[in-house]
$ cat structure-v6.pdb   # PDB, C-alpha atoms
MODEL        1
ATOM      1  CA  GLY G1385     -75.150  65.919  39.395  1.00  0.00           C
ATOM      2  CA  GLU G1386     -73.651  68.320  41.843  1.00  0.00           C
ATOM      3  CA  SER G1387     -70.340  69.889  41.122  1.00  0.00           C
ATOM      4  CA  VAL G1388     -69.268  72.547  43.513  1.00  0.00           C
ATOM      5  CA  GLY G1389     -66.468  74.925  42.844  1.00  0.00           C
ATOM      6  CA  LEU G1390     -65.312  78.429  43.380  1.00  0.00           C
ATOM      7  CA  HIS G1391     -64.859  79.131  39.681  1.00  0.00           C
ATOM      8  CA  LEU G1392     -67.389  78.349  37.030  1.00  0.00           C
ATOM      9  CA  PRO G1393     -66.125  76.860  33.783  1.00  0.00           C
ATOM     10  CA  THR G1394     -66.385  79.469  31.071  1.00  0.00           C
ATOM     11  CA  LEU G1395     -67.239  79.126  27.408  1.00  0.00           C
ATOM     12  CA  SER G1396     -66.295  82.068  25.256  1.00  0.00           C
ATOM     13  CA  VAL G1397     -67.789  82.281  21.762  1.00  0.00           C
ATOM     14  CA  GLN G1398     -67.962  84.808  18.965  1.00  0.00           C
ATOM     15  CA  GLU G1399     -71.298  86.430  18.238  1.00  0.00           C
ATOM     16  CA  GLY G1400     -73.056  84.480  15.532  1.00  0.00           C
ATOM     17  CA  ASP G1401     -71.307  81.199  16.265  1.00  0.00           C
ATOM     18  CA  ASN G1402     -73.053  78.179  17.740  1.00  0.00           C
ATOM     19  CA  SER G1403     -72.544  77.334  21.403  1.00  0.00           C
ATOM     20  CA  ILE G1404     -72.579  73.926  23.042  1.00  0.00           C
ATOM     21  CA  ILE G1405     -72.832  73.640  26.809  1.00  0.00           C
ATOM     22  CA  ASN G1406     -72.432  70.230  28.399  1.00  0.00           C
ATOM     23  CA  CYS G1407     -73.657  68.706  31.612  1.00  0.00           C
ATOM     24  CA  ALA G1408     -73.120  65.340  33.293  1.00  0.00           C
ATOM     25  CA  TYR G1409     -75.991  64.313  35.518  1.00  0.00           C
ATOM     26  CA  SER G1410     -75.790  61.985  38.458  1.00  0.00           C
ATOM     27  CA  ASN G1411     -78.888  59.805  38.711  1.00  0.00           C
ATOM     28  CA  SER G1412     -79.697  57.207  36.069  1.00  0.00           C
ATOM     29  CA  ALA G1413     -83.278  57.184  37.410  1.00  0.00           C
ATOM     30  CA  SER G1414     -83.839  60.851  36.565  1.00  0.00           C
ATOM     31  CA  ASP G1415     -86.754  61.226  34.197  1.00  0.00           C
ATOM     32  CA  TYR G1416     -86.898  64.947  33.530  1.00  0.00           C
ATOM     33  CA  PHE G1417     -84.225  67.517  32.722  1.00  0.00           C
ATOM     34  CA  ILE G1418     -84.293  71.287  32.421  1.00  0.00           C
ATOM     35  CA  TRP G1419     -81.849  73.916  31.241  1.00  0.00           C
ATOM     36  CA  TYR G1420     -81.954  77.254  33.006  1.00  0.00           C
ATOM     37  CA  LYS G1421     -80.271  80.549  32.140  1.00  0.00           C
ATOM     38  CA  GLN G1422     -79.265  82.838  34.992  1.00  0.00           C
ATOM     39  CA  GLU G1423     -78.178  86.408  34.436  1.00  0.00           C
ATOM     40  CA  SER G1424     -76.322  88.312  37.087  1.00  0.00           C
ATOM     41  CA  GLY G1425     -78.568  89.271  39.997  1.00  0.00           C
ATOM     42  CA  LYS G1426     -81.584  87.407  38.634  1.00  0.00           C
ATOM     43  CA  GLY G1427     -83.354  84.136  39.169  1.00  0.00           C
ATOM     44  CA  PRO G1428     -82.964  81.115  36.870  1.00  0.00           C
ATOM     45  CA  GLN G1429     -84.992  81.431  33.693  1.00  0.00           C
ATOM     46  CA  PHE G1430     -86.471  78.333  32.060  1.00  0.00           C
ATOM     47  CA  ILE G1431     -85.024  77.677  28.596  1.00  0.00           C
ATOM     48  CA  ILE G1432     -85.970  74.179  27.516  1.00  0.00           C
ATOM     49  CA  ASP G1433     -86.752  70.798  29.010  1.00  0.00           C
ATOM     50  CA  ILE G1434     -86.660  67.161  27.944  1.00  0.00           C
ATOM     51  CA  ARG G1435     -88.060  63.932  29.334  1.00  0.00           C
ATOM     52  CA  SER G1436     -86.117  60.712  29.536  1.00  0.00           C
ATOM     53  CA  ASN G1437     -88.158  59.049  26.789  1.00  0.00           C
ATOM     54  CA  MET G1438     -86.662  61.488  24.272  1.00  0.00           C
ATOM     55  CA  ASP G1439     -83.109  62.095  23.111  1.00  0.00           C
ATOM     56  CA  LYS G1440     -83.552  65.436  21.386  1.00  0.00           C
ATOM     57  CA  ARG G1441     -85.817  68.430  21.658  1.00  0.00           C
ATOM     58  CA  GLN G1442     -85.708  71.702  19.797  1.00  0.00           C
ATOM     59  CA  GLY G1443     -86.891  75.141  20.679  1.00  0.00           C
ATOM     60  CA  GLN G1444     -86.294  78.545  19.232  1.00  0.00           C
ATOM     61  CA  ARG G1445     -82.517  78.694  18.558  1.00  0.00           C
ATOM     62  CA  VAL G1446     -81.922  76.063  21.266  1.00  0.00           C
ATOM     63  CA  THR G1447     -81.644  72.286  21.147  1.00  0.00           C
ATOM     64  CA  VAL G1448     -81.236  69.897  24.041  1.00  0.00           C
ATOM     65  CA  LEU G1449     -79.664  66.490  23.554  1.00  0.00           C
ATOM     66  CA  LEU G1450     -79.927  63.688  26.080  1.00  0.00           C
ATOM     67  CA  ASN G1451     -77.628  60.665  26.140  1.00  0.00           C
ATOM     68  CA  LYS G1452     -78.871  58.356  28.875  1.00  0.00           C
ATOM     69  CA  THR G1453     -76.152  55.779  28.249  1.00  0.00           C
ATOM     70  CA  VAL G1454     -73.454  58.106  29.524  1.00  0.00           C
ATOM     71  CA  LYS G1455     -75.744  60.365  31.585  1.00  0.00           C
ATOM     72  CA  HIS G1456     -74.943  63.409  29.510  1.00  0.00           C
ATOM     73  CA  LEU G1457     -77.010  66.424  28.590  1.00  0.00           C
ATOM     74  CA  SER G1458     -76.102  69.227  26.221  1.00  0.00           C
ATOM     75  CA  LEU G1459     -77.569  72.572  25.264  1.00  0.00           C
ATOM     76  CA  GLN G1460     -76.911  73.919  21.805  1.00  0.00           C
ATOM     77  CA  ILE G1461     -77.534  77.581  21.079  1.00  0.00           C
ATOM     78  CA  ALA G1462     -77.585  78.581  17.436  1.00  0.00           C
ATOM     79  CA  ALA G1463     -76.301  81.942  16.244  1.00  0.00           C
ATOM     80  CA  THR G1464     -75.264  83.033  19.729  1.00  0.00           C
ATOM     81  CA  GLN G1465     -76.083  86.635  20.591  1.00  0.00           C
ATOM     82  CA  PRO G1466     -74.685  88.998  23.251  1.00  0.00           C
ATOM     83  CA  GLY G1467     -77.951  88.627  25.147  1.00  0.00           C
ATOM     84  CA  ASP G1468     -77.184  84.940  25.582  1.00  0.00           C
ATOM     85  CA  SER G1469     -74.304  85.798  27.927  1.00  0.00           C
ATOM     86  CA  ALA G1470     -75.214  84.274  31.285  1.00  0.00           C
ATOM     87  CA  VAL G1471     -74.601  81.243  33.489  1.00  0.00           C
ATOM     88  CA  TYR G1472     -76.360  78.118  32.286  1.00  0.00           C
ATOM     89  CA  PHE G1473     -77.427  75.326  34.646  1.00  0.00           C
ATOM     90  CA  CYS G1474     -78.765  71.911  33.897  1.00  0.00           C
ATOM     91  CA  ALA G1475     -81.154  70.421  36.447  1.00  0.00           C
ATOM     92  CA  GLU G1476     -82.473  66.902  36.854  1.00  0.00           C
ATOM     93  CA  ASN G1477     -85.637  65.658  38.498  1.00  0.00           C
ATOM     94  CA  TRP G1478     -85.182  62.325  40.146  1.00  0.00           C
ATOM     95  CA  GLY G1479     -88.861  61.569  39.781  1.00  0.00           C
ATOM     96  CA  ASN G1480     -89.428  60.974  43.441  1.00  0.00           C
ATOM     97  CA  ALA G1481     -92.275  62.324  45.490  1.00  0.00           C
ATOM     98  CA  GLY G1482     -90.239  65.332  46.430  1.00  0.00           C
ATOM     99  CA  ASN G1483     -90.160  66.623  42.865  1.00  0.00           C
ATOM    100  CA  MET G1484     -87.023  68.542  43.717  1.00  0.00           C
ATOM    101  CA  LEU G1485     -84.476  69.592  41.137  1.00  0.00           C
ATOM    102  CA  THR G1486     -80.798  68.792  41.486  1.00  0.00           C
ATOM    103  CA  PHE G1487     -78.656  71.401  39.771  1.00  0.00           C
ATOM    104  CA  GLY G1488     -75.323  71.012  38.084  1.00  0.00           C
ATOM    105  CA  GLY G1489     -72.503  73.431  38.775  1.00  0.00           C
ATOM    106  CA  GLY G1490     -73.160  75.778  35.884  1.00  0.00           C
ATOM    107  CA  THR G1491     -71.243  77.089  32.878  1.00  0.00           C
ATOM    108  CA  ARG G1492     -70.653  80.746  32.185  1.00  0.00           C
ATOM    109  CA  LEU G1493     -71.231  81.682  28.546  1.00  0.00           C
ATOM    110  CA  MET G1494     -69.486  84.823  27.328  1.00  0.00           C
ATOM    111  CA  VAL G1495     -70.352  86.127  23.873  1.00  0.00           C
ATOM    112  CA  LYS G1496     -67.797  88.335  22.181  1.00  0.00           C
ATOM    113  CA  PRO G1497     -69.185  90.951  19.792  1.00  0.00           C
TER     114      PRO G1497
ATOM    115  CA  ASN B 819     -99.893  86.712  34.482  1.00  0.00           C
ATOM    116  CA  ALA B 820     -97.279  87.811  36.968  1.00  0.00           C
ATOM    117  CA  GLY B 821     -94.381  85.501  37.590  1.00  0.00           C
ATOM    118  CA  VAL B 822     -93.134  84.253  40.918  1.00  0.00           C
ATOM    119  CA  MET B 823     -92.752  87.176  43.306  1.00  0.00           C
ATOM    120  CA  GLN B 824     -90.246  87.345  46.115  1.00  0.00           C
ATOM    121  CA  ASN B 825     -89.621  90.000  48.721  1.00  0.00           C
ATOM    122  CA  PRO B 826     -87.590  91.571  49.934  1.00  0.00           C
ATOM    123  CA  ARG B 827     -85.064  91.463  47.113  1.00  0.00           C
ATOM    124  CA  HIS B 828     -82.271  92.342  49.506  1.00  0.00           C
ATOM    125  CA  LEU B 829     -82.187  91.735  53.241  1.00  0.00           C
ATOM    126  CA  VAL B 830     -79.463  92.664  55.693  1.00  0.00           C
ATOM    127  CA  ARG B 831     -79.461  91.175  59.164  1.00  0.00           C
ATOM    128  CA  ARG B 832     -77.043  91.140  62.059  1.00  0.00           C
ATOM    129  CA  ARG B 833     -75.981  87.864  63.617  1.00  0.00           C
ATOM    130  CA  GLY B 834     -78.652  86.549  65.933  1.00  0.00           C
ATOM    131  CA  GLN B 835     -81.559  88.311  64.239  1.00  0.00           C
ATOM    132  CA  GLU B 836     -84.375  86.641  62.361  1.00  0.00           C
ATOM    133  CA  ALA B 837     -84.842  86.695  58.591  1.00  0.00           C
ATOM    134  CA  ARG B 838     -88.219  86.247  56.912  1.00  0.00           C
ATOM    135  CA  LEU B 839     -88.335  85.680  53.185  1.00  0.00           C
ATOM    136  CA  ARG B 840     -91.623  85.729  51.305  1.00  0.00           C
ATOM    137  CA  CYS B 841     -92.672  84.064  48.082  1.00  0.00           C
ATOM    138  CA  SER B 842     -95.890  84.382  46.106  1.00  0.00           C
ATOM    139  CA  PRO B 843     -96.209  81.656  43.450  1.00  0.00           C
ATOM    140  CA  MET B 844     -97.450  82.201  39.943  1.00  0.00           C
ATOM    141  CA  LYS B 845    -101.219  82.406  39.651  1.00  0.00           C
ATOM    142  CA  GLY B 846    -102.712  78.924  39.606  1.00  0.00           C
ATOM    143  CA  HIS B 847     -99.597  77.267  41.028  1.00  0.00           C
ATOM    144  CA  SER B 848    -100.010  75.329  44.250  1.00  0.00           C
ATOM    145  CA  HIS B 849     -96.496  73.907  44.643  1.00  0.00           C
ATOM    146  CA  VAL B 850     -93.673  75.986  46.077  1.00  0.00           C
ATOM    147  CA  TYR B 851     -89.978  75.139  46.368  1.00  0.00           C
ATOM    148  CA  TRP B 852     -87.157  76.942  48.142  1.00  0.00           C
ATOM    149  CA  TYR B 853     -83.535  76.764  46.996  1.00  0.00           C
ATOM    150  CA  ARG B 854     -80.339  78.346  48.261  1.00  0.00           C
ATOM    151  CA  GLN B 855     -77.473  79.539  46.076  1.00  0.00           C
ATOM    152  CA  LEU B 856     -73.971  80.477  47.133  1.00  0.00           C
ATOM    153  CA  PRO B 857     -71.845  82.612  44.767  1.00  0.00           C
ATOM    154  CA  GLU B 858     -70.541  80.732  41.730  1.00  0.00           C
ATOM    155  CA  GLU B 859     -72.518  77.618  42.651  1.00  0.00           C
ATOM    156  CA  GLY B 860     -75.691  75.898  41.546  1.00  0.00           C
ATOM    157  CA  LEU B 861     -78.935  76.014  43.467  1.00  0.00           C
ATOM    158  CA  LYS B 862     -79.406  73.582  46.352  1.00  0.00           C
ATOM    159  CA  PHE B 863     -82.873  72.304  47.184  1.00  0.00           C
ATOM    160  CA  MET B 864     -84.186  73.120  50.651  1.00  0.00           C
ATOM    161  CA  VAL B 865     -87.915  72.402  50.915  1.00  0.00           C
ATOM    162  CA  TYR B 866     -91.012  71.579  48.853  1.00  0.00           C
ATOM    163  CA  LEU B 867     -94.442  72.695  50.031  1.00  0.00           C
ATOM    164  CA  GLN B 868     -98.022  72.569  48.934  1.00  0.00           C
ATOM    165  CA  LYS B 869    -100.764  74.592  50.555  1.00  0.00           C
ATOM    166  CA  GLU B 870    -100.602  73.922  54.310  1.00  0.00           C
ATOM    167  CA  ASN B 871     -98.309  70.916  53.843  1.00  0.00           C
ATOM    168  CA  ILE B 872     -94.575  70.298  53.829  1.00  0.00           C
ATOM    169  CA  ILE B 873     -93.954  67.565  51.272  1.00  0.00           C
ATOM    170  CA  ASP B 874     -90.164  67.286  51.399  1.00  0.00           C
ATOM    171  CA  GLU B 875     -87.813  69.175  53.684  1.00  0.00           C
ATOM    172  CA  SER B 876     -84.782  66.959  53.181  1.00  0.00           C
ATOM    173  CA  GLY B 877     -82.618  69.925  52.195  1.00  0.00           C
ATOM    174  CA  MET B 878     -83.472  72.100  55.171  1.00  0.00           C
ATOM    175  CA  PRO B 879     -80.996  72.476  58.020  1.00  0.00           C
ATOM    176  CA  LYS B 880     -82.426  70.808  61.099  1.00  0.00           C
ATOM    177  CA  GLU B 881     -82.139  73.883  63.268  1.00  0.00           C
ATOM    178  CA  ARG B 882     -83.096  77.540  62.857  1.00  0.00           C
ATOM    179  CA  PHE B 883     -84.772  77.083  59.460  1.00  0.00           C
ATOM    180  CA  SER B 884     -88.486  76.625  58.900  1.00  0.00           C
ATOM    181  CA  ALA B 885     -90.916  77.080  56.034  1.00  0.00           C
ATOM    182  CA  GLU B 886     -94.642  77.352  55.633  1.00  0.00           C
ATOM    183  CA  PHE B 887     -97.191  77.835  52.878  1.00  0.00           C
ATOM    184  CA  PRO B 888    -100.471  78.820  54.512  1.00  0.00           C
ATOM    185  CA  LYS B 889    -103.893  78.511  52.971  1.00  0.00           C
ATOM    186  CA  GLU B 890    -103.915  82.249  52.395  1.00  0.00           C
ATOM    187  CA  GLY B 891    -100.899  84.389  51.684  1.00  0.00           C
ATOM    188  CA  PRO B 892     -97.350  83.810  50.548  1.00  0.00           C
ATOM    189  CA  SER B 893     -94.934  81.073  51.464  1.00  0.00           C
ATOM    190  CA  ILE B 894     -92.486  82.091  54.172  1.00  0.00           C
ATOM    191  CA  LEU B 895     -88.934  80.875  54.715  1.00  0.00           C
ATOM    192  CA  ARG B 896     -87.854  81.783  58.208  1.00  0.00           C
ATOM    193  CA  ILE B 897     -84.293  81.734  59.506  1.00  0.00           C
ATOM    194  CA  GLN B 898     -83.869  82.282  63.203  1.00  0.00           C
ATOM    195  CA  GLN B 899     -80.681  83.500  64.876  1.00  0.00           C
ATOM    196  CA  VAL B 900     -78.907  84.063  61.585  1.00  0.00           C
ATOM    197  CA  VAL B 901     -75.182  83.445  61.252  1.00  0.00           C
ATOM    198  CA  ARG B 902     -72.744  84.686  58.614  1.00  0.00           C
ATOM    199  CA  GLY B 903     -72.889  81.335  56.857  1.00  0.00           C
ATOM    200  CA  ASP B 904     -76.554  81.954  56.071  1.00  0.00           C
ATOM    201  CA  SER B 905     -75.565  84.718  53.664  1.00  0.00           C
ATOM    202  CA  ALA B 906     -76.718  83.569  50.246  1.00  0.00           C
ATOM    203  CA  ALA B 907     -79.344  84.082  47.586  1.00  0.00           C
ATOM    204  CA  TYR B 908     -82.599  82.302  48.364  1.00  0.00           C
ATOM    205  CA  PHE B 909     -84.822  81.444  45.424  1.00  0.00           C
ATOM    206  CA  CYS B 910     -88.393  80.350  45.379  1.00  0.00           C
ATOM    207  CA  ALA B 911     -89.928  78.383  42.515  1.00  0.00           C
ATOM    208  CA  SER B 912     -93.484  77.325  41.825  1.00  0.00           C
ATOM    209  CA  SER B 913     -95.141  74.724  39.640  1.00  0.00           C
ATOM    210  CA  PRO B 914     -98.687  73.869  38.602  1.00  0.00           C
ATOM    211  CA  PRO B 915    -100.810  71.345  40.522  1.00  0.00           C
ATOM    212  CA  VAL B 916    -100.782  67.637  39.730  1.00  0.00           C
ATOM    213  CA  GLY B 917    -102.905  66.703  36.753  1.00  0.00           C
ATOM    214  CA  THR B 918    -102.065  69.626  34.538  1.00  0.00           C
ATOM    215  CA  GLY B 919     -99.327  67.686  32.789  1.00  0.00           C
ATOM    216  CA  THR B 920     -96.637  70.200  33.637  1.00  0.00           C
ATOM    217  CA  THR B 921     -96.059  69.566  37.333  1.00  0.00           C
ATOM    218  CA  ASP B 922     -92.345  69.151  36.933  1.00  0.00           C
ATOM    219  CA  THR B 923     -91.587  72.506  35.377  1.00  0.00           C
ATOM    220  CA  GLN B 924     -90.514  74.937  38.062  1.00  0.00           C
ATOM    221  CA  TYR B 925     -90.469  78.668  37.455  1.00  0.00           C
ATOM    222  CA  PHE B 926     -88.223  80.777  39.605  1.00  0.00           C
ATOM    223  CA  GLY B 927     -88.593  84.128  41.269  1.00  0.00           C
ATOM    224  CA  PRO B 928     -85.909  86.842  41.305  1.00  0.00           C
ATOM    225  CA  GLY B 929     -84.558  85.737  44.673  1.00  0.00           C
ATOM    226  CA  THR B 930     -83.799  87.350  48.007  1.00  0.00           C
ATOM    227  CA  ARG B 931     -80.187  88.161  48.706  1.00  0.00           C
ATOM    228  CA  LEU B 932     -79.537  87.773  52.404  1.00  0.00           C
ATOM    229  CA  THR B 933     -76.461  89.366  53.931  1.00  0.00           C
ATOM    230  CA  VAL B 934     -75.616  88.640  57.532  1.00  0.00           C
ATOM    231  CA  LEU B 935     -73.275  91.137  59.128  1.00  0.00           C
TER     232      LEU B 935
ENDMDL
END
$ encode --input "structure-v6.pdb" --output "C-alpha cells"
Amino acid sequence: GESVGLHLPTLSVQEGDNSIINCAYSNSASDYFIWYKQESGKGPQFIIDIRSNMDKRQGQRVTVLLNKTVKHLSLQIAATQPGDSAVYFCAENWGNAGNMLTFGGGTRLMVKP
Amino acid sequence: NAGVMQNPRHLVRRRGQEARLRCSPMKGHSHVYWYRQLPEEGLKFMVYLQKENIIDESGMPKERFSAEFPKEGPSILRIQQVVRGDSAAYFCASSPPVGTGTTDTQYFGPGTRLTVL
C-alpha cells in the first residue's frame, strides 16, 4: 500500500551478505506484484514479479516471497553487491481495468564494501 | 530494442508557464502510463492511455493537467499554468498489448524532472 514519508527506511548490509527487503501491500484483491529498483536520478528498473497464485519466485540472485494471508511481500537478494545499492519499491496491481500500479514507500539499500 | 524514451530529462519552468513532457513507449507497446514522484516517495499513478484513448485518469488532477497518446507520435503529458507544487519527477511506463500474456509488466523510462521556479 501507500506509505508516505520524508525519510525512507534504510537497510545497511555488508557486501556479500544476503538482504531482505519487506513490503506490506494494501489490497487483498491484488493479483500481481512487482519489485523495482531505482537508482539515484533514474527510472524504476524491473527486478522480478509474482502473481497471486504463487508464493515464491526466483530469479538470478533474487527471490520474491508472497504471503497473501498477511498481505506481505519480500525481496531477498543473495550475495549483495555494491551495485545493488538503490531504493527498492514494491508495487501491486489491483487487477482492475485501469491496470495501474500502486507503489509502496520504498526502502533504501546501502551496501558496505 | 530501445527502452521507454522520455524528453526532456530536465525541464525548468516559471510559475504560470506550460510544461510539455513527452514519452515514446518501447517498440511494440501500445499501453502508456504516467506517474509522478516526489523526493523520497513512491510513484503515484496519474493516467493510463492506449492509442487515442484515455483508459483511466483517476490519478490526474482535475485542472491544468491533461494527457494524450495520439495515433502517431509520442504520448504527451501537459501541465498548464504550472505552480511550485508541480515540481517533481514524472515517469512514463509502457506495457505490451492485451493478449501477449505480459500486459501487466510495466517498463519505465528515465523520467523528466520538472522544476518550477
$ residues_near_point --input "structure-v6.pdb" --point "(-78.4, 63.9, 32.4)" --cutoff "7 Å" --atoms "only C-alpha atoms" --output "ChimeraX atom specification"
/G:1407-1410,1417,1450,1452,1455-1457,1476
$ axis_aligned_box --input "structure-v6.pdb" --around "range 824-837 of chain B" --padding-each-side "5 Å" --output "JSON"
{"center_x": -83.1, "center_y": 89.6, "center_z": 56.0, "size_x": 24.3, "size_y": 16.1, "size_z": 29.8}
$ resolve_selection --input "structure-v6.pdb" --expression "the PyMOL selection byres ((chain B and resi 823) around 7)" --output "PDB file with C-alpha atoms, in the coordinates of the input"
ATOM      1  CA  GLY B 821     -94.381  85.501  37.590  1.00  0.00           C
ATOM      2  CA  VAL B 822     -93.134  84.253  40.918  1.00  0.00           C
ATOM      3  CA  GLN B 824     -90.246  87.345  46.115  1.00  0.00           C
ATOM      4  CA  ASN B 825     -89.621  90.000  48.721  1.00  0.00           C
ATOM      5  CA  CYS B 841     -92.672  84.064  48.082  1.00  0.00           C
ATOM      6  CA  SER B 842     -95.890  84.382  46.106  1.00  0.00           C
ATOM      7  CA  PRO B 843     -96.209  81.656  43.450  1.00  0.00           C
ATOM      8  CA  GLY B 927     -88.593  84.128  41.269  1.00  0.00           C
TER       9      GLY B 927
END
$ closest_atom_pairs --input "structure-v6.pdb" --of "chain B" --to "chain G" --cutoff "6 Å" --atoms "only C-alpha atoms" --output "CSV"
residue,atom,partner,partner_atom,distance
B:Glu858,CA,G:Leu1390,CA,5.9
B:Glu859,CA,G:Gly1489,CA,5.7
B:Gly860,CA,G:Gly1489,CA,4.9
B:Leu861,CA,G:Phe1487,CA,5.9
B:Asp874,CA,G:Gly1482,CA,5.3
B:Phe926,CA,G:Gly1427,CA,5.9
B:Gly927,CA,G:Gly1427,CA,5.6
B:Pro928,CA,G:Gly1427,CA,4.3
B:Gly929,CA,G:Gly1427,CA,5.9
$ atom_distance --input "structure-v6.pdb" --atom1 "CA of Gln899 in chain B" --atom2 "CA of Glu836 in chain B"
5.5 Å
$ residues_around --input "structure-v6.pdb" --residues "Leu867 in chain B" --least-positions-apart "2" --cutoff "9 Å" --atoms "all atoms listed in the file" --output "PDB file with C-alpha atoms, in the coordinates of the input"
ATOM      1  CA  SER B 848    -100.010  75.329  44.250  1.00  0.00           C
ATOM      2  CA  HIS B 849     -96.496  73.907  44.643  1.00  0.00           C
ATOM      3  CA  VAL B 850     -93.673  75.986  46.077  1.00  0.00           C
ATOM      4  CA  TYR B 851     -89.978  75.139  46.368  1.00  0.00           C
ATOM      5  CA  TRP B 852     -87.157  76.942  48.142  1.00  0.00           C
ATOM      6  CA  VAL B 865     -87.915  72.402  50.915  1.00  0.00           C
ATOM      7  CA  LYS B 869    -100.764  74.592  50.555  1.00  0.00           C
ATOM      8  CA  GLU B 870    -100.602  73.922  54.310  1.00  0.00           C
ATOM      9  CA  ASN B 871     -98.309  70.916  53.843  1.00  0.00           C
ATOM     10  CA  ILE B 872     -94.575  70.298  53.829  1.00  0.00           C
ATOM     11  CA  ILE B 873     -93.954  67.565  51.272  1.00  0.00           C
ATOM     12  CA  ASP B 874     -90.164  67.286  51.399  1.00  0.00           C
ATOM     13  CA  GLU B 875     -87.813  69.175  53.684  1.00  0.00           C
ATOM     14  CA  ALA B 885     -90.916  77.080  56.034  1.00  0.00           C
ATOM     15  CA  GLU B 886     -94.642  77.352  55.633  1.00  0.00           C
ATOM     16  CA  PHE B 887     -97.191  77.835  52.878  1.00  0.00           C
ATOM     17  CA  SER B 893     -94.934  81.073  51.464  1.00  0.00           C
TER      18      SER B 893
END
$ resolve_selection --input "structure-v6.pdb" --expression "the PyMOL selection byres ((chain G and resi 1413) around 8)" --output "list of chain:residue names"
G:Asn1411, G:Ser1412, G:Ser1414, G:Asp1415, G:Trp1478, G:Gly1479
$ residues_around --input "structure-v6.pdb" --residues "Val901 in chain B" --least-positions-apart "5" --cutoff "9 Å" --atoms "only C-alpha atoms" --output "tab-separated table (two decimals) with C-alpha atoms, in the coordinates of the input"
chain	number	residue	atom	x	y	z
B	832	ARG	CA	-77.04	91.14	62.06
B	833	ARG	CA	-75.98	87.86	63.62
B	834	GLY	CA	-78.65	86.55	65.93
B	835	GLN	CA	-81.56	88.31	64.24
B	934	VAL	CA	-75.62	88.64	57.53
B	935	LEU	CA	-73.28	91.14	59.13
$ atom_distance --input "structure-v6.pdb" --atom1 "CA of Tyr908 in chain B" --atom2 "CA of Ser876 in chain B"
16.2 Å
$ build_atoms --input "structure-v6.pdb" --residues "range 875-891 of chain B" --atoms "N, CA and C atoms" --output "mmCIF file, keeping the file's coordinate frame"
data_model
loop_
_atom_site.group_PDB
_atom_site.id
_atom_site.type_symbol
_atom_site.label_atom_id
_atom_site.label_comp_id
_atom_site.auth_asym_id
_atom_site.auth_seq_id
_atom_site.Cartn_x
_atom_site.Cartn_y
_atom_site.Cartn_z
ATOM 1 N N GLU B 875 -88.704 68.172 53.095
ATOM 2 C CA GLU B 875 -87.813 69.175 53.684
ATOM 3 C C GLU B 875 -86.426 68.590 53.881
ATOM 4 N N SER B 876 -86.049 67.664 53.025
ATOM 5 C CA SER B 876 -84.782 66.959 53.181
ATOM 6 C C SER B 876 -83.564 67.867 53.023
ATOM 7 N N GLY B 877 -83.739 69.020 52.380
ATOM 8 C CA GLY B 877 -82.618 69.925 52.195
ATOM 9 C C GLY B 877 -82.546 71.042 53.226
ATOM 10 N N MET B 878 -83.442 71.037 54.155
ATOM 11 C CA MET B 878 -83.472 72.100 55.171
ATOM 12 C C MET B 878 -82.546 71.753 56.333
ATOM 13 N N PRO B 879 -81.751 72.701 56.782
ATOM 14 C CA PRO B 879 -80.996 72.476 58.020
ATOM 15 C C PRO B 879 -81.971 72.150 59.160
ATOM 16 N N LYS B 880 -81.524 71.300 60.052
ATOM 17 C CA LYS B 880 -82.426 70.808 61.099
ATOM 18 C C LYS B 880 -82.775 71.888 62.107
ATOM 19 N N GLU B 881 -81.899 72.842 62.272
ATOM 20 C CA GLU B 881 -82.139 73.883 63.268
ATOM 21 C C GLU B 881 -82.221 75.247 62.600
ATOM 22 N N ARG B 882 -82.973 76.112 63.192
ATOM 23 C CA ARG B 882 -83.096 77.540 62.857
ATOM 24 C C ARG B 882 -83.894 77.810 61.590
ATOM 25 N N PHE B 883 -84.064 76.858 60.721
ATOM 26 C CA PHE B 883 -84.772 77.083 59.460
ATOM 27 C C PHE B 883 -86.159 76.446 59.513
ATOM 28 N N SER B 884 -87.138 77.180 59.005
ATOM 29 C CA SER B 884 -88.486 76.625 58.900
ATOM 30 C C SER B 884 -89.168 77.259 57.690
ATOM 31 N N ALA B 885 -90.178 76.568 57.188
ATOM 32 C CA ALA B 885 -90.916 77.080 56.034
ATOM 33 C C ALA B 885 -92.377 76.742 56.193
ATOM 34 N N GLU B 886 -93.210 77.597 55.616
ATOM 35 C CA GLU B 886 -94.642 77.352 55.633
ATOM 36 C C GLU B 886 -95.262 77.904 54.361
ATOM 37 N N PHE B 887 -96.418 77.361 54.023
ATOM 38 C CA PHE B 887 -97.191 77.835 52.878
ATOM 39 C C PHE B 887 -98.653 77.773 53.318
ATOM 40 N N PRO B 888 -99.119 78.841 53.938
ATOM 41 C CA PRO B 888 -100.471 78.820 54.512
ATOM 42 C C PRO B 888 -101.550 78.821 53.439
ATOM 43 N N LYS B 889 -102.757 78.552 53.887
ATOM 44 C CA LYS B 889 -103.893 78.511 52.971
ATOM 45 C C LYS B 889 -104.058 79.851 52.251
ATOM 46 N N GLU B 890 -103.855 80.919 52.973
ATOM 47 C CA GLU B 890 -103.915 82.249 52.395
ATOM 48 C C GLU B 890 -102.556 82.927 52.572
ATOM 49 N N GLY B 891 -102.126 83.625 51.552
ATOM 50 C CA GLY B 891 -100.899 84.389 51.684
ATOM 51 C C GLY B 891 -99.694 83.679 51.110
#
